[in-house]
file query_17.txt (compact mmCIF, C-alpha atoms)
# COMPACT_ATOMS: atom_id res chain seq x y z
CA MET A 2 11.00 12.48 18.37
CA THR A 3 10.63 13.41 14.71
CA SER A 4 7.08 13.83 13.50
CA ALA A 5 5.35 13.71 10.12
CA GLU A 6 1.75 13.85 8.96
CA ILE A 7 2.43 12.04 5.69
CA ALA A 8 3.97 8.60 5.23
CA VAL A 9 5.00 6.48 2.26
CA ILE A 10 5.11 2.71 2.54
CA GLY A 11 7.28 1.32 -0.22
CA GLY A 12 6.51 -2.04 -1.76
CA SER A 13 8.74 -4.38 -3.73
CA GLY A 14 11.49 -2.44 -5.49
CA LEU A 15 11.11 0.70 -3.38
CA TYR A 16 13.54 0.23 -0.50
CA SER A 17 14.64 3.79 0.19
CA LEU A 18 13.30 7.28 -0.35
CA PHE A 19 15.76 9.48 1.52
CA ASP A 20 19.50 9.54 2.02
CA ALA A 21 19.17 9.59 5.79
CA PRO A 22 19.62 7.12 8.66
CA ALA A 23 16.56 5.27 9.90
CA VAL A 24 15.11 5.90 13.34
CA THR A 25 14.05 2.78 15.21
CA ILE A 26 10.60 3.14 16.76
CA ALA A 27 9.64 0.74 19.52
CA THR A 28 6.03 -0.43 19.29
CA PRO A 29 3.97 -2.95 21.28
CA TYR A 30 4.37 -5.29 18.31
CA GLY A 31 8.10 -4.92 17.67
CA ASP A 32 10.68 -2.37 16.51
CA VAL A 33 10.26 -0.57 13.20
CA PRO A 34 12.95 1.35 11.26
CA VAL A 35 11.50 4.57 9.85
CA THR A 36 13.25 7.19 7.73
CA VAL A 37 12.01 10.77 7.78
CA GLY A 38 12.92 13.30 5.10
CA SER A 39 11.56 15.90 2.73
CA LEU A 40 9.53 15.03 -0.37
CA GLY A 41 7.48 17.45 -2.41
CA GLY A 42 8.12 20.17 0.14
CA ARG A 43 6.63 18.10 2.97
CA ASP A 44 8.04 16.12 5.89
CA VAL A 45 7.43 12.48 5.02
CA ALA A 46 8.03 9.27 6.96
CA PHE A 47 9.08 6.21 4.98
CA ILE A 48 8.90 2.48 5.68
CA THR A 49 10.00 -0.19 3.24
CA ARG A 50 7.46 -2.97 3.56
CA HIS A 51 9.72 -5.96 2.83
CA GLY A 52 12.89 -4.61 4.47
CA ALA A 53 15.83 -2.96 2.77
CA ASP A 54 17.04 -6.32 1.42
CA HIS A 55 13.59 -7.72 0.52
CA SER A 56 13.94 -10.35 3.23
CA VAL A 57 10.43 -10.18 4.73
CA ALA A 58 7.81 -12.33 3.00
CA PRO A 59 4.30 -10.88 2.55
CA HIS A 60 2.67 -13.10 5.18
CA LEU A 61 5.41 -12.28 7.72
CA ILE A 62 5.33 -8.48 7.48
CA ASN A 63 4.67 -6.92 10.89
CA TYR A 64 1.75 -4.83 9.66
CA ARG A 65 0.54 -3.76 13.10
CA ALA A 66 4.00 -2.59 14.13
CA ASN A 67 4.41 -0.58 10.92
CA ILE A 68 1.07 1.21 11.23
CA TRP A 69 1.42 1.81 14.98
CA ALA A 70 4.89 3.30 14.44
CA LEU A 71 3.59 5.72 11.80
CA ALA A 72 0.60 6.70 13.95
CA SER A 73 2.96 7.43 16.84
CA LEU A 74 4.73 9.97 14.62
CA GLY A 75 1.47 11.79 13.98
CA VAL A 76 0.89 10.40 10.49
CA LYS A 77 -2.58 11.15 9.11
CA VAL A 78 -2.15 9.99 5.51
CA ILE A 79 -0.35 6.94 4.11
CA LEU A 80 0.53 6.74 0.44
CA SER A 81 1.50 3.16 -0.36
CA SER A 82 3.17 1.77 -3.45
CA SER A 83 2.55 -1.81 -4.53
CA ALA A 84 3.66 -4.24 -7.19
CA VAL A 85 0.66 -6.03 -8.70
CA GLY A 86 -0.18 -8.53 -11.37
CA GLY A 87 -2.68 -7.44 -13.98
CA ILE A 88 -5.81 -9.49 -14.63
CA GLY A 89 -8.22 -6.81 -15.86
CA ALA A 90 -8.36 -5.83 -19.52
CA ASP A 91 -7.46 -2.24 -18.64
CA CYS A 92 -4.38 -3.19 -16.60
CA PRO A 93 -1.60 -4.52 -18.87
CA PRO A 94 2.01 -4.51 -17.66
CA GLY A 95 3.36 -0.99 -17.22
CA THR A 96 0.06 0.44 -15.99
CA LEU A 97 -0.23 2.62 -12.88
CA VAL A 98 -3.43 1.97 -10.94
CA LEU A 99 -5.07 3.93 -8.14
CA THR A 100 -6.67 1.07 -6.23
CA ASP A 101 -10.08 1.73 -4.69
CA GLN A 102 -11.33 -1.68 -3.47
CA PHE A 103 -9.87 -4.96 -2.22
CA ILE A 104 -10.94 -8.58 -1.87
CA ASP A 105 -9.13 -10.31 0.99
CA ARG A 106 -7.93 -13.86 0.34
CA THR A 107 -5.28 -13.94 3.09
CA TRP A 108 -5.43 -15.93 6.32
CA GLY A 109 -3.77 -15.95 9.75
CA ARG A 110 -2.55 -12.35 9.68
CA PRO A 111 -3.28 -10.25 12.81
CA ASP A 112 -5.65 -7.69 11.32
CA THR A 113 -6.97 -5.53 14.14
CA PHE A 114 -5.68 -3.40 17.00
CA TYR A 115 -8.90 -3.92 18.94
CA ASP A 116 -8.22 -7.31 20.49
CA GLN A 117 -7.68 -6.17 24.09
CA GLY A 118 -10.85 -5.14 25.92
CA SER A 119 -12.30 -2.92 23.19
CA VAL A 120 -14.50 -4.00 20.29
CA GLN A 121 -14.52 -1.60 17.35
CA HIS A 122 -16.31 -2.38 14.09
CA LEU A 123 -14.52 -0.63 11.25
CA PRO A 124 -16.65 0.78 8.40
CA ALA A 125 -14.94 -0.62 5.31
CA ALA A 126 -17.23 -0.01 2.34
CA ASP A 127 -14.58 2.34 0.89
CA PRO A 128 -11.31 1.00 2.31
CA PHE A 129 -9.15 3.63 0.60
CA ASP A 130 -10.04 7.22 1.53
CA PRO A 131 -12.32 8.45 -1.31
CA ALA A 132 -11.28 12.10 -0.87
CA LEU A 133 -7.59 11.23 -1.03
CA HIS A 134 -8.24 8.97 -4.02
CA ALA A 135 -9.92 11.81 -5.92
CA LEU A 136 -7.14 14.21 -5.00
CA ALA A 137 -4.45 11.76 -6.16
CA ALA A 138 -6.26 11.13 -9.46
CA ALA A 139 -6.54 14.85 -10.16
CA ALA A 140 -2.89 15.44 -9.32
CA LEU A 141 -1.64 12.66 -11.61
CA ALA A 142 -3.90 13.80 -14.43
CA ASP A 143 -2.68 17.39 -14.10
CA ALA A 144 0.91 16.12 -14.22
CA GLY A 145 0.23 14.29 -17.49
CA GLU A 146 0.67 10.82 -16.01
CA THR A 147 -1.20 7.95 -17.66
CA PHE A 148 -3.00 5.75 -15.15
CA VAL A 149 -6.16 3.80 -14.38
CA ASP A 150 -8.15 5.75 -11.81
CA ARG A 151 -9.77 2.81 -10.03
CA GLY A 152 -9.53 -0.95 -9.68
CA THR A 153 -10.21 -3.81 -7.30
CA VAL A 154 -7.22 -5.77 -6.03
CA VAL A 155 -7.37 -9.37 -4.80
CA VAL A 156 -4.93 -9.75 -1.91
CA ILE A 157 -3.56 -13.29 -1.81
CA GLN A 158 -1.58 -14.91 0.98
CA GLY A 159 1.71 -15.37 -0.84
CA PRO A 160 4.56 -15.86 -1.13
CA ARG A 161 3.47 -18.14 -3.98
CA PHE A 162 1.81 -16.64 -7.04
CA SER A 163 -1.69 -17.62 -8.17
CA THR A 164 -2.58 -20.77 -10.08
CA ARG A 165 -4.14 -20.28 -13.50
CA ALA A 166 -7.53 -21.28 -12.11
CA GLU A 167 -7.26 -18.76 -9.26
CA SER A 168 -6.19 -16.00 -11.61
CA LEU A 169 -9.14 -16.60 -13.92
CA TRP A 170 -11.48 -16.79 -10.93
CA PHE A 171 -10.24 -13.42 -9.68
CA ARG A 172 -10.85 -11.93 -13.12
CA ASP A 173 -14.37 -13.34 -13.13
CA LEU A 174 -14.93 -11.67 -9.74
CA GLY A 175 -14.29 -8.33 -11.44
CA ALA A 176 -10.84 -7.71 -10.02
CA ALA A 177 -8.24 -5.69 -11.92
CA THR A 178 -5.05 -6.68 -10.09
CA VAL A 179 -3.51 -9.21 -7.68
CA ASN A 180 -1.25 -8.31 -4.74
CA MET A 181 0.05 -9.89 -1.51
CA THR A 182 0.33 -7.01 0.97
CA MET A 183 -2.55 -4.53 0.92
CA TYR A 184 -4.38 -6.57 3.56
CA PRO A 185 -4.29 -6.01 6.53
CA GLU A 186 -2.19 -2.86 5.99
CA VAL A 187 -5.08 -0.74 4.72
CA PRO A 188 -7.73 -1.58 7.36
CA LEU A 189 -5.17 -1.33 10.15
CA ALA A 190 -4.41 2.23 9.08
CA SER A 191 -8.13 2.99 9.00
CA GLU A 192 -8.47 1.61 12.54
CA LEU A 193 -6.13 4.38 13.70
CA ASN A 194 -7.96 7.00 11.61
CA ILE A 195 -5.18 7.26 9.04
CA GLY A 196 -6.35 7.86 5.48
CA THR A 197 -4.81 5.72 2.75
CA VAL A 198 -4.26 6.00 -0.98
CA ASN A 199 -2.59 3.26 -3.01
CA LEU A 200 -0.53 3.56 -6.19
CA SER A 201 0.05 0.18 -7.83
CA PHE A 202 2.38 -0.67 -10.71
CA VAL A 203 1.42 -3.62 -12.91
CA THR A 204 4.55 -5.70 -13.45
CA ASP A 205 3.14 -8.73 -15.23
CA THR A 206 0.17 -10.54 -16.70
CA ASP A 207 -1.02 -12.86 -13.97
CA ALA A 208 -0.87 -16.64 -14.39
CA GLY A 209 -4.33 -17.33 -15.80
CA LEU A 210 -3.96 -14.94 -18.73
CA ALA A 211 -0.38 -15.53 -19.79
CA ARG A 212 -0.05 -19.12 -20.98
CA ASP A 213 -1.22 -18.64 -24.56
CA SER A 214 -1.84 -14.96 -25.22
CA ASP A 215 1.00 -13.23 -23.35
CA PRO A 216 3.78 -15.67 -22.38
CA GLU A 217 6.56 -13.05 -22.24
CA ASN A 218 4.66 -11.28 -19.45
CA ALA A 219 3.97 -14.41 -17.37
CA VAL A 220 4.53 -13.68 -13.70
CA SER A 221 7.88 -14.55 -12.10
CA HIS A 222 9.89 -13.00 -9.30
CA GLN A 223 12.70 -12.09 -11.69
CA LEU A 224 10.33 -10.34 -14.10
CA VAL A 225 8.60 -8.43 -11.29
CA MET A 226 11.87 -7.11 -9.86
CA ALA A 227 13.29 -6.17 -13.26
CA ARG A 228 10.15 -4.26 -14.23
CA LEU A 229 10.07 -2.46 -10.88
CA LEU A 230 13.70 -1.39 -11.23
CA ASP A 231 12.99 0.14 -14.62
CA ALA A 232 9.82 1.85 -13.37
CA GLN A 233 11.22 3.20 -10.09
CA PRO A 234 11.81 6.79 -11.31
CA ARG A 235 8.25 6.93 -12.63
CA ILE A 236 6.79 5.51 -9.42
CA ILE A 237 8.72 7.94 -7.20
CA ALA A 238 7.75 10.88 -9.41
CA ALA A 239 4.08 9.88 -9.16
CA ILE A 240 4.35 9.58 -5.38
CA GLU A 241 5.93 13.03 -5.17
CA THR A 242 3.20 14.47 -7.39
CA ILE A 243 0.54 13.18 -5.00
CA VAL A 244 2.41 14.38 -1.91
CA ARG A 245 2.68 17.89 -3.37
CA ALA A 246 -1.08 17.93 -3.93
CA LEU A 247 -2.00 17.03 -0.34
CA PRO A 248 -3.59 19.93 1.55
CA ALA A 249 -1.68 21.62 4.34
CA GLU A 250 -4.38 20.63 6.82
CA LEU A 251 -4.93 16.89 6.68
CA ALA A 252 -8.17 15.61 8.18
CA PRO A 253 -9.02 12.02 7.24
CA PRO A 254 -12.41 10.75 8.41
CA GLU A 255 -12.74 9.54 12.01
CA LEU A 256 -13.84 5.94 11.48
CA ILE A 257 -13.00 4.81 15.01
CA PRO A 258 -13.67 6.91 18.16
CA ALA A 259 -10.64 9.03 19.04
CA ASP A 260 -10.49 7.72 22.60
CA ALA A 261 -10.25 4.12 21.32
CA VAL A 262 -7.39 5.09 19.00
CA ALA A 263 -5.65 6.93 21.85
CA ALA A 264 -5.89 3.81 24.01
CA VAL A 265 -4.16 1.74 21.34
CA LEU A 266 -1.36 4.29 20.99
CA ALA A 267 -0.94 4.40 24.79
CA ARG A 268 0.01 0.72 24.96
call {"tool": "encode", "arguments": {"input": "query_17.txt", "output": "structure tokens"}}
result
Amino acid sequence: MTSAEIAVIGGSGLYSLFDAPAVTIATPYGDVPVTVGSLGGRDVAFITRHGADHSVAPHLINYRANIWALASLGVKVILSSSAVGGIGADCPPGTLVLTDQFIDRTWGRPDTFYDQGSVQHLPAADPFDPALHALAAAALADAGETFVDRGTVVVIQGPRFSTRAESLWFRDLGAATVNMTMYPEVPLASELNIGTVNLSFVTDTDAGLARDSDPENAVSHQLVMARLLDAQPRIIAAIETIVRALPAELAPPELIPADAVAAVLAR
């Protein structure tokens, strides 16, 4: 079986990373197609979050299967890309954001591996690995990329977008962006001691801010996909920049005891 210590999970608009056939990995939660190739001089596993044809809605993504599959390949670091709506003053459309916090507003999504005879309480004060976050920020800065180096994302259930009232509420909470998929993907990775770093691309001005001041950037599916298509070369280049900067020896923090993680992967 192919192995890789680094993985990329592609969000909306990023459906392939390598010109190679996918390997189907059987997991306790379902089969997952994974492509493995070379990026930035490293072996990298790739999963497209919504499927190659964008047919999987945010609330129906098999998050546990995806993370289990990557862990079974030996992945220690996941770099995820996400499409987000901008609600913070520093996050207009076209901005790249290194997310560092989330607020979960989803419901009904299986969000732990420890539901079978083992209770594990995940430390989640810093859901994205702070060391990886700092490394990614330094790498992008050195490459001359313009980005916002931190921001809180509100993860909504989807597939609908926010109401104006919700969008304004999220802004008042201090959030910078809105997304539909970072939860439970990020904590599930942490439960298997995989470090995560997220690179978000702001495609639109979210609903609450767009009616009067920015109508041409009001959120819609068509606008999101068009903006992502235009930005894809930039997003992939930023991902490669971060991959190149990752150290040869990857050692994310052990947030869950190793024997508990091993038991999950032995299912």
call {"tool": "closest_residue", "arguments": {"input": "query_17.txt", "among": "A:Arg228, A:Arg151, A:Arg43, A:Arg65", "to": "Tyr115 (chain A)", "atoms": "all atoms listed in the file"}}
result
A:Arg65
call {"tool": "closest_residue", "arguments": {"input": "query_17.txt", "among": "A:Thr147, A:Ser39, A:Ser83, A:Gln158", "to": "Arg106 (chain A)", "atoms": "all atoms listed in the file"}}
result
A:Gln158
call {"tool": "atom_distance", "arguments": {"input": "query_17.txt", "atom1": "CA of Tyr184 (chain A)", "atom2": "CA of Ala53 (chain A)"}}
result
20.5 Å
call {"tool": "axis_aligned_box", "arguments": {"input": "query_17.txt", "around": "region 246-260 of chain A", "padding_each_side": "3 Å", "output": "AutoDock Vina command-line options"}}
result
--center_x -7.5 --center_y 13.2 --center_z 9.3 --size_x 18.8 --size_y 22.8 --size_z 32.5
call {"tool": "closest_residue", "arguments": {"input": "query_17.txt", "among": "A:Glu250, A:Asp207, A:Asp112, A:Glu241", "to": "Val9 (chain A)", "atoms": "all atoms listed in the file"}}
result
A:Glu241
call {"tool": "residues_around", "arguments": {"input": "query_17.txt", "residues": "Gly196 (chain A)", "least_positions_apart": "3", "cutoff": "6 Å", "atoms": "all atoms listed in the file", "output": "list in words"}}
result
Val78, Asp130 and Pro253 of chain A
call {"tool": "closest_residue", "arguments": {"input": "query_17.txt", "among": "A:Asp44, A:Glu255, A:Asp20, A:Asp105", "to": "Leu193 (chain A)", "atoms": "all atoms listed in the file"}}
result
A:Glu255
call {"tool": "atom_distance", "arguments": {"input": "query_17.txt", "atom1": "CA of Glu192 (chain A)", "atom2": "CA of Ile240 (chain A)"}}
result
23.4 Å
call {"tool": "residues_around", "arguments": {"input": "query_17.txt", "residues": "Val225 (chain A)", "least_positions_apart": "6", "cutoff": "10 Å", "atoms": "only C-alpha atoms", "output": "ChimeraX atom specification"}}
result
/A:13-14,84-86,94,202-205,218-219
